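Working notes, structure below.
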Amino acid sequence: MSAAAAGRVGRFYTAARRHPWVLGKVADWKIPLGPYTPAQIAVAVGGGFLLVKTISWWSLLGPIPIAAWLLAIWAVRRPKIQGRAPMQAALGLVLLGWQPQGGRIGGRAARDRAPHPLLGGFTIEDTPSPALAATPSRPAQRHTSPAPHPSPAAARTSTRRRTEPAAPAVPVGPVSGVQQLLALTSQGGGVR
């Protein structure tokens with residue numbers, strides 16, 4: 001037997017061993033027909049208050065509302081809602097309604113992260129054909145324009161700069177600096 005298994009203790013209490021909280025005595029005075037559960041006390045107080053406030057409505061019915069009130073007090077002596085006492089069931093429902101919709105992670109409300117745009121860019125470069133590489137190269141004219149100012153949100157989410165689209169005209173020679181150097185070295189020219 002391992003040390004971890006020896007340290008585990010399981011306890012189970014049956015319903016016969018659980019004693020509910022009841023009120024049977026107030027000081028030295030024993031409550032008649034007691035003891036009473038919290039549900040019975042709540043029905044007695046709430047129902048008595050309701051009967052007193054609405055006496056003008058039910059007084060024509062005679063003792064029927066009072067008998068119904070006493071029957072309700074007796075009926076809630078050991079109620080169970082899905083195996084739980086009514087107060088515990090009501091507290092469970094309140095706590096369930098209080099929980100965040102997504103649940104909790106580490107005691108905090110679980111929320112999805114706010115959406116943000118995913119920005120990126122790419123450049124398409126044509127590879128020079130062998131016929132163009134053999135011809136003397138001219139410096140290619142580059143299309144330059146001021147870069148647009150990125151929004152503050154884009155500046156926070158991405159550190160890359162946006163690239164301008166390539167010029168619509170077809171370039172005659174190598175376009176990038178690397179391609180120009182490769183063209184010079186293939187022609188036998190040195191780097192100046």
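Residue numbering restarts at 1 for every chain of the structure tokens, chains are lettered A, B, ... in their displayed order, and ligands are numbered from 1 as they appear.
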
Open item on the list: Using only C-alpha atoms, which protein or nucleic acid residues come within 12 Å of A:Gly48? Drop anything in the same chain fewer than 2 positions from it, and give the result as a PyMOL selection string.
Closed with: chain A and resi 40-46+50-55+65-70+72-73

Please write the residues from the selection above to a file, keeping N, CA, C and O atoms, as a JSON list (two decimals), in the first residue's frame.
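So part-v6.json came out as:
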```
[["chain", "number", "residue", "atom", "x", "y", "z"],
["A", 40, "GLN", "N", -40.46, 25.50, 8.20],
["A", 40, "GLN", "CA", -41.73, 25.65, 8.91],
["A", 40, "GLN", "C", -41.84, 27.02, 9.55],
["A", 40, "GLN", "O", -42.91, 27.64, 9.54],
["A", 41, "ILE", "N", -40.74, 27.50, 10.11],
["A", 41, "ILE", "CA", -40.76, 28.82, 10.74],
["A", 41, "ILE", "C", -41.01, 29.90, 9.69],
["A", 41, "ILE", "O", -41.80, 30.83, 9.90],
["A", 42, "ALA", "N", -40.39, 29.77, 8.51],
["A", 42, "ALA", "CA", -40.58, 30.76, 7.45],
["A", 42, "ALA", "C", -42.02, 30.76, 6.96],
["A", 42, "ALA", "O", -42.62, 31.83, 6.74],
["A", 43, "VAL", "N", -42.61, 29.57, 6.77],
["A", 43, "VAL", "CA", -44.01, 29.50, 6.32],
["A", 43, "VAL", "C", -44.94, 30.04, 7.40],
["A", 43, "VAL", "O", -45.92, 30.74, 7.10],
["A", 44, "ALA", "N", -44.65, 29.77, 8.66],
["A", 44, "ALA", "CA", -45.50, 30.26, 9.75],
["A", 44, "ALA", "C", -45.48, 31.79, 9.82],
["A", 44, "ALA", "O", -46.53, 32.43, 9.91],
["A", 45, "VAL", "N", -44.29, 32.36, 9.77],
["A", 45, "VAL", "CA", -44.18, 33.83, 9.88],
["A", 45, "VAL", "C", -44.74, 34.49, 8.63],
["A", 45, "VAL", "O", -45.54, 35.43, 8.71],
["A", 46, "GLY", "N", -44.30, 34.02, 7.44],
["A", 46, "GLY", "CA", -44.78, 34.64, 6.18],
["A", 46, "GLY", "C", -46.27, 34.47, 5.98],
["A", 46, "GLY", "O", -46.97, 35.41, 5.58],
["A", 50, "LEU", "N", -49.21, 37.35, 5.93],
["A", 50, "LEU", "CA", -50.11, 37.47, 4.78],
["A", 50, "LEU", "C", -51.57, 37.35, 5.20],
["A", 50, "LEU", "O", -52.44, 38.09, 4.70],
["A", 51, "LEU", "N", -51.87, 36.45, 6.12],
["A", 51, "LEU", "CA", -53.25, 36.29, 6.59],
["A", 51, "LEU", "C", -53.74, 37.54, 7.32],
["A", 51, "LEU", "O", -54.90, 37.95, 7.17],
["A", 52, "VAL", "N", -52.89, 38.15, 8.11],
["A", 52, "VAL", "CA", -53.29, 39.35, 8.85],
["A", 52, "VAL", "C", -53.54, 40.51, 7.88],
["A", 52, "VAL", "O", -54.51, 41.26, 8.04],
["A", 53, "LYS", "N", -52.68, 40.67, 6.86],
["A", 53, "LYS", "CA", -52.83, 41.79, 5.92],
["A", 53, "LYS", "C", -54.02, 41.63, 4.99],
["A", 53, "LYS", "O", -54.55, 42.61, 4.48],
["A", 54, "THR", "N", -54.44, 40.37, 4.74],
["A", 54, "THR", "CA", -55.55, 40.14, 3.79],
["A", 54, "THR", "C", -56.80, 39.61, 4.50],
["A", 54, "THR", "O", -57.61, 38.92, 3.88],
["A", 55, "ILE", "N", -56.98, 39.94, 5.74],
["A", 55, "ILE", "CA", -58.13, 39.40, 6.49],
["A", 55, "ILE", "C", -59.47, 39.84, 5.90],
["A", 55, "ILE", "O", -60.44, 39.10, 5.94],
["A", 65, "PRO", "N", -58.91, 29.31, 5.34],
["A", 65, "PRO", "CA", -57.55, 29.80, 5.11],
["A", 65, "PRO", "C", -56.60, 29.51, 6.27],
["A", 65, "PRO", "O", -55.42, 29.20, 6.06],
["A", 66, "ILE", "N", -57.10, 29.57, 7.50],
["A", 66, "ILE", "CA", -56.25, 29.28, 8.67],
["A", 66, "ILE", "C", -55.88, 27.80, 8.68],
["A", 66, "ILE", "O", -54.73, 27.44, 8.96],
["A", 67, "ALA", "N", -56.82, 26.93, 8.34],
["A", 67, "ALA", "CA", -56.53, 25.50, 8.28],
["A", 67, "ALA", "C", -55.52, 25.22, 7.16],
["A", 67, "ALA", "O", -54.62, 24.38, 7.33],
["A", 68, "ALA", "N", -55.64, 25.91, 6.04],
["A", 68, "ALA", "CA", -54.69, 25.74, 4.95],
["A", 68, "ALA", "C", -53.29, 26.21, 5.37],
["A", 68, "ALA", "O", -52.28, 25.59, 5.01],
["A", 69, "TRP", "N", -53.24, 27.27, 6.13],
["A", 69, "TRP", "CA", -51.95, 27.78, 6.63],
["A", 69, "TRP", "C", -51.29, 26.76, 7.56],
["A", 69, "TRP", "O", -50.11, 26.46, 7.44],
["A", 70, "LEU", "N", -52.06, 26.19, 8.49],
["A", 70, "LEU", "CA", -51.53, 25.18, 9.41],
["A", 70, "LEU", "C", -51.12, 23.91, 8.66],
["A", 70, "LEU", "O", -50.09, 23.30, 8.98],
["A", 72, "ALA", "N", -50.04, 23.86, 5.56],
["A", 72, "ALA", "CA", -48.80, 24.20, 4.85],
["A", 72, "ALA", "C", -47.60, 24.14, 5.80],
["A", 72, "ALA", "O", -46.53, 23.68, 5.41],
["A", 73, "ILE", "N", -47.78, 24.58, 7.05],
["A", 73, "ILE", "CA", -46.69, 24.51, 8.04],
["A", 73, "ILE", "C", -46.33, 23.04, 8.29],
["A", 73, "ILE", "O", -45.14, 22.68, 8.34]]
```

Can you pull out every residue from stretch 45-111 of chain A that DSSP, working from the backbone, puts in alpha helix (DSSP H), and format the result as an mmCIF file with N, CA and C atoms, in the first residue's frame?
```cif
data_model
loop_
_atom_site.group_PDB
_atom_site.id
_atom_site.type_symbol
_atom_site.label_atom_id
_atom_site.label_comp_id
_atom_site.auth_asym_id
_atom_site.auth_seq_id
_atom_site.Cartn_x
_atom_site.Cartn_y
_atom_site.Cartn_z
ATOM 1 N N VAL A 45 -44.287 32.364 9.775
ATOM 2 C CA VAL A 45 -44.178 33.825 9.881
ATOM 3 C C VAL A 45 -44.741 34.494 8.634
ATOM 4 N N GLY A 46 -44.301 34.022 7.436
ATOM 5 C CA GLY A 46 -44.778 34.643 6.184
ATOM 6 C C GLY A 46 -46.269 34.470 5.983
ATOM 7 N N GLY A 47 -46.762 33.256 6.233
ATOM 8 C CA GLY A 47 -48.196 33.014 6.071
ATOM 9 C C GLY A 47 -49.043 33.780 7.083
ATOM 10 N N GLY A 48 -48.562 33.855 8.327
ATOM 11 C CA GLY A 48 -49.307 34.625 9.339
ATOM 12 C C GLY A 48 -49.374 36.102 8.968
ATOM 13 N N PHE A 49 -48.249 36.664 8.493
ATOM 14 C CA PHE A 49 -48.248 38.070 8.067
ATOM 15 C C PHE A 49 -49.217 38.280 6.901
ATOM 16 N N LEU A 50 -49.213 37.354 5.934
ATOM 17 C CA LEU A 50 -50.110 37.474 4.781
ATOM 18 C C LEU A 50 -51.573 37.346 5.202
ATOM 19 N N LEU A 51 -51.866 36.448 6.123
ATOM 20 C CA LEU A 51 -53.251 36.294 6.590
ATOM 21 C C LEU A 51 -53.740 37.540 7.321
ATOM 22 N N VAL A 52 -52.890 38.152 8.108
ATOM 23 C CA VAL A 52 -53.294 39.353 8.854
ATOM 24 C C VAL A 52 -53.542 40.512 7.883
ATOM 25 N N LYS A 53 -52.680 40.673 6.864
ATOM 26 C CA LYS A 53 -52.832 41.792 5.925
ATOM 27 C C LYS A 53 -54.024 41.626 4.987
ATOM 28 N N ILE A 55 -56.980 39.940 5.738
ATOM 29 C CA ILE A 55 -58.126 39.402 6.495
ATOM 30 C C ILE A 55 -59.472 39.836 5.899
ATOM 31 N N SER A 56 -59.499 41.003 5.288
ATOM 32 C CA SER A 56 -60.774 41.470 4.699
ATOM 33 C C SER A 56 -61.154 40.624 3.486
ATOM 34 N N TRP A 57 -60.232 39.990 2.827
ATOM 35 C CA TRP A 57 -60.541 39.165 1.650
ATOM 36 C C TRP A 57 -61.035 37.769 2.040
ATOM 37 N N TRP A 58 -60.394 37.133 3.007
ATOM 38 C CA TRP A 58 -60.707 35.750 3.315
ATOM 39 C C TRP A 58 -61.625 35.570 4.529
ATOM 40 N N ILE A 64 -61.211 28.186 6.830
ATOM 41 C CA ILE A 64 -60.529 27.436 5.753
ATOM 42 C C ILE A 64 -59.122 27.994 5.479
ATOM 43 N N PRO A 65 -58.910 29.308 5.339
ATOM 44 C CA PRO A 65 -57.545 29.797 5.110
ATOM 45 C C PRO A 65 -56.600 29.512 6.274
ATOM 46 N N ILE A 66 -57.101 29.571 7.504
ATOM 47 C CA ILE A 66 -56.251 29.283 8.667
ATOM 48 C C ILE A 66 -55.879 27.803 8.680
ATOM 49 N N ALA A 67 -56.820 26.930 8.340
ATOM 50 C CA ALA A 67 -56.532 25.498 8.279
ATOM 51 C C ALA A 67 -55.519 25.217 7.164
ATOM 52 N N ALA A 68 -55.644 25.911 6.040
ATOM 53 C CA ALA A 68 -54.689 25.738 4.946
ATOM 54 C C ALA A 68 -53.288 26.206 5.369
ATOM 55 N N TRP A 69 -53.239 27.271 6.133
ATOM 56 C CA TRP A 69 -51.953 27.781 6.626
ATOM 57 C C TRP A 69 -51.293 26.760 7.561
ATOM 58 N N LEU A 70 -52.062 26.192 8.493
ATOM 59 C CA LEU A 70 -51.532 25.182 9.409
ATOM 60 C C LEU A 70 -51.115 23.915 8.660
ATOM 61 N N LEU A 71 -51.883 23.530 7.635
ATOM 62 C CA LEU A 71 -51.530 22.373 6.824
ATOM 63 C C LEU A 71 -50.233 22.627 6.050
ATOM 64 N N ALA A 72 -50.038 23.856 5.559
ATOM 65 C CA ALA A 72 -48.799 24.200 4.853
ATOM 66 C C ALA A 72 -47.602 24.137 5.801
ATOM 67 N N ILE A 73 -47.781 24.583 7.053
ATOM 68 C CA ILE A 73 -46.695 24.506 8.037
ATOM 69 C C ILE A 73 -46.330 23.045 8.286
ATOM 70 N N TRP A 74 -47.332 22.176 8.402
ATOM 71 C CA TRP A 74 -47.065 20.758 8.624
ATOM 72 C C TRP A 74 -46.420 20.111 7.386
ATOM 73 N N ALA A 75 -46.822 20.529 6.185
ATOM 74 C CA ALA A 75 -46.353 19.904 4.941
ATOM 75 C C ALA A 75 -44.867 20.182 4.667
ATOM 76 N N PRO A 86 -35.034 22.930 1.309
ATOM 77 C CA PRO A 86 -35.471 24.064 0.486
ATOM 78 C C PRO A 86 -34.554 25.285 0.570
ATOM 79 N N MET A 87 -34.022 25.584 1.758
ATOM 80 C CA MET A 87 -33.138 26.747 1.884
ATOM 81 C C MET A 87 -31.849 26.528 1.087
ATOM 82 N N GLN A 88 -31.294 25.323 1.180
ATOM 83 C CA GLN A 88 -30.080 25.020 0.429
ATOM 84 C C GLN A 88 -30.347 25.025 -1.072
ATOM 85 N N ALA A 89 -31.506 24.522 -1.492
ATOM 86 C CA ALA A 89 -31.855 24.526 -2.913
ATOM 87 C C ALA A 89 -32.034 25.958 -3.413
ATOM 88 N N ALA A 90 -32.679 26.811 -2.609
ATOM 89 C CA ALA A 90 -32.857 28.210 -3.017
ATOM 90 C C ALA A 90 -31.515 28.935 -3.092
ATOM 91 N N LEU A 91 -30.640 28.678 -2.128
ATOM 92 C CA LEU A 91 -29.306 29.285 -2.156
ATOM 93 C C LEU A 91 -28.520 28.811 -3.380
ATOM 94 N N GLY A 92 -28.644 27.528 -3.723
ATOM 95 C CA GLY A 92 -27.983 26.993 -4.904
ATOM 96 C C GLY A 92 -28.476 27.655 -6.181
ATOM 97 N N LEU A 93 -29.788 27.899 -6.274
ATOM 98 C CA LEU A 93 -30.332 28.574 -7.453
ATOM 99 C C LEU A 93 -29.851 30.018 -7.550
ATOM 100 N N VAL A 94 -29.782 30.701 -6.411
ATOM 101 C CA VAL A 94 -29.287 32.086 -6.419
ATOM 102 C C VAL A 94 -27.826 32.126 -6.852
ATOM 103 N N LEU A 95 -27.012 31.221 -6.309
ATOM 104 C CA LEU A 95 -25.600 31.184 -6.690
ATOM 105 C C LEU A 95 -25.410 30.789 -8.150
ATOM 106 N N LEU A 96 -26.269 29.917 -8.664
ATOM 107 C CA LEU A 96 -26.197 29.545 -10.074
ATOM 108 C C LEU A 96 -26.526 30.739 -10.967
ATOM 109 N N GLY A 97 -27.526 31.512 -10.580
ATOM 110 C CA GLY A 97 -27.863 32.707 -11.361
ATOM 111 C C GLY A 97 -26.806 33.788 -11.267
ATOM 112 N N TRP A 98 -26.022 33.773 -10.189
ATOM 113 C CA TRP A 98 -25.000 34.794 -9.967
ATOM 114 C C TRP A 98 -23.715 34.493 -10.730
#
```

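Picture a line from atom CA of A:Phe12 to atom CA of A:Gln82; it runs 18.6 Å.
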
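One finds atom CA of A:Thr127 at 15.2 Å from atom CA of A:Leu184.
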
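If only C-alpha atoms are the atoms counted, then among A:Pro35, A:Pro63, A:Gly83, A:Pro128 the closest residue to A:Leu23 is A:Pro35.
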